[in-house]
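K.L.:
Submitted below is the structure of interest, expressed as structure tokens.
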Amino acid sequence: MNFMRRNRELLLVHTAMNRVILDNPVNVMVTPQFYTLKKEPLPVKYAYQAKKIAPSLFEGLLEEGEHEYSVFQENDMWVFVAYNMEKILDFLASKGVESDNVGKLYFAQQALDSFTRPMSLNESEALVVMDEVLVVVPTMVLGEDEFPTSYFDNQFTPKQGVTVKSNKNPTESMVGDQQSWLLAGVFVLFAGMFFVEASRYQGGDASANEELETLYEAYPELASSYTRDDISQKYRTIDVNERKKREAIKSIGSMIFKGSTLTSLTVNEKGFTALFEYSNNDTSSRLKVLAKKKNFKVSEAKNSTLRMEGTL
């Protein structure tokens with residue numbers, strides 16, 4: 001059955017796609033417009049361990065709604081994907097693809113190596129790999145006249161995906177958005193402004209200015225320099241907080257070793273709480289020593305379990 005599903009047609013799903021008529025069930029791959037992604041170099045061995053940390057990594061970054069998480073590895077990095085299955089299926093239904101006709105759901109980041117050059121999604125947007133992350137950008141930012149309309153086919157199909165059972169009951173087969181999209185919009189707009197301004201000082205034509213105005217229409221709240229400065233400062237603060245979270249998670253990860261198992265990790269803006277199960281007294285003593293070096297508060301939570309707490 002899995003062999004048959006991997007040989008289904010793979011449909012690339014993006015917000016500007018046309019309505020489709022299906023003759024057979026398909027697998028779908030969604031672009032970054034449908035998920036939020038983070039990468040972390042966590043010292044854990046298995047995906048199920050990394051997945052326990054996922055909700056804390058995305059705290060404060062996701063719009064309201066129920067999100068699910070998928071986790072996979074890229075070299076020495078763990079890739080975390082947050083997505084809202086209900087919204088994805090609702091969008092597919094609006095394009096003529098009912099959930100009953102979807103076998104597997106994949107994320108474009110899983111096929112990173114297959115996107116060897118920019119891929120046009122429509123007249124104004126393209127899929128591009130930037131800093132080992134697949135993103136959607138305005139084509140004007142790339143400074144290219146032409147893009148391949150599509151070189152996408154079944155060869156992009158990853159090894160693992162999410163099995164779609166129904167609109168209300170999806171299940172994952174892989175072990176393992178408004179703030180993040182606003183941030184992406186800010187970066188895209190700033191990049192567009194850079195190229196437009198550069199072309200202006202170098203004698204660029206009026207079409208570049210028209211493209212910039214189009215970007216301002218798409219993000220009217222960013223037309224004011226005061227607004228842009230305020231947003232820039234806001235996300236600088238977010239970046240500092242995220243760095244503190246990553247440092248805390250890295251410290252917690254260094255305490256995972258033979259006989260020590262991280263069973264729970266909760267991270268918020270003020271601090272974190274981690275629960276470790278230990279196999280014997282020697283392991284417990286070692287965990288306490290490591291926690292003391294990091295200035296973490298340690299207490300016995302229950303039999304063979306230590307609670308560690310720290311501030312950010």
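We name chains A, B, ... following the order of the structure tokens; residues begin at 1 in each chain, and ligands are numbered from 1 as shown.
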From a DSSP pass on the backbone, collect the residues of segment 247-282 of chain A flagged as strand (DSSP E or B) and hand them back as number ranges by chain.
P.N.:
A: 260-267, 271-278
K.L.:
Output N, CA and C atoms for every residue in that selection, as a compact mmCIF listing (two decimals), in the first residue's frame.
P.N.:
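Saved as out-v5.txt:
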# COMPACT_ATOMS: atom_id res chain seq x y z
N SER A 260 19.47 8.58 31.52
CA SER A 260 18.73 9.83 31.75
C SER A 260 17.80 10.07 30.57
N THR A 261 16.50 10.29 30.83
CA THR A 261 15.51 10.48 29.77
C THR A 261 14.71 11.75 30.03
N LEU A 262 14.69 12.63 29.04
CA LEU A 262 13.87 13.85 29.14
C LEU A 262 12.43 13.47 28.81
N THR A 263 11.53 13.60 29.77
CA THR A 263 10.14 13.20 29.57
C THR A 263 9.22 14.38 29.32
N SER A 264 9.65 15.59 29.71
CA SER A 264 8.79 16.76 29.53
C SER A 264 9.64 18.02 29.54
N LEU A 265 9.29 18.97 28.68
CA LEU A 265 9.96 20.27 28.66
C LEU A 265 8.94 21.34 28.32
N THR A 266 8.79 22.33 29.20
CA THR A 266 7.89 23.45 28.98
C THR A 266 8.70 24.74 29.03
N VAL A 267 8.59 25.54 27.97
CA VAL A 267 9.35 26.80 27.88
C VAL A 267 8.38 27.94 27.62
N GLY A 271 10.74 31.45 31.68
CA GLY A 271 11.62 30.38 32.09
C GLY A 271 11.19 29.03 31.54
N PHE A 272 11.69 27.98 32.13
CA PHE A 272 11.39 26.63 31.64
C PHE A 272 11.31 25.65 32.80
N THR A 273 10.64 24.54 32.55
CA THR A 273 10.57 23.42 33.50
C THR A 273 10.82 22.13 32.72
N ALA A 274 11.74 21.32 33.20
CA ALA A 274 12.06 20.05 32.54
C ALA A 274 11.96 18.91 33.55
N LEU A 275 11.45 17.77 33.09
CA LEU A 275 11.37 16.57 33.92
C LEU A 275 12.29 15.50 33.33
N PHE A 276 13.16 14.94 34.18
CA PHE A 276 14.08 13.89 33.77
C PHE A 276 13.81 12.63 34.58
N GLU A 277 13.70 11.52 33.90
CA GLU A 277 13.67 10.23 34.59
C GLU A 277 15.09 9.67 34.62
N TYR A 278 15.50 9.12 35.76
CA TYR A 278 16.85 8.56 35.88
C TYR A 278 16.77 7.09 36.29
K.L.:
Neighbouring residues of Ser285 of chain A were defined as those with any atom within 12 Å, considering only C-alpha atoms; residues of the same chain fewer than 4 positions away were excluded. Please report them as a PyMOL selection string.
P.N.:
chain A and resi 255+259-260+278-281+289-292+298-300+304-306
K.L.:
Please, could you write that set of residues out with C-alpha atoms as a CSV table (one decimal), in the first residue's frame?
P.N.:
chain,number,residue,atom,x,y,z
A,255,MET,CA,21.8,16.3,30.2
A,259,GLY,CA,20.2,6.3,32.0
A,260,SER,CA,18.7,9.8,31.7
A,278,TYR,CA,16.9,8.6,35.9
A,279,SER,CA,17.7,4.9,36.1
A,280,ASN,CA,19.8,4.9,39.3
A,281,ASN,CA,21.3,7.1,42.0
A,289,VAL,CA,25.8,18.3,39.4
A,290,LEU,CA,25.1,19.4,35.8
A,291,ALA,CA,22.0,21.4,36.9
A,292,LYS,CA,24.0,23.1,39.6
A,298,VAL,CA,16.4,20.9,41.1
A,299,SER,CA,13.8,19.0,43.1
A,300,GLU,CA,12.5,15.4,43.2
A,304,SER,CA,13.0,8.4,39.8
A,305,THR,CA,12.1,11.8,38.4
A,306,LEU,CA,13.9,15.1,38.8
K.L.:
Looking at only C-alpha atoms, which of A:Glu242, A:Met17, A:Val137, A:Lys293 is the one that sits closest to Pro32 of chain A?
P.N.:
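Of A:Glu242, A:Met17, A:Val137, A:Lys293, the one nearest Pro32 of chain A, counting only C-alpha atoms, is A:Val137.
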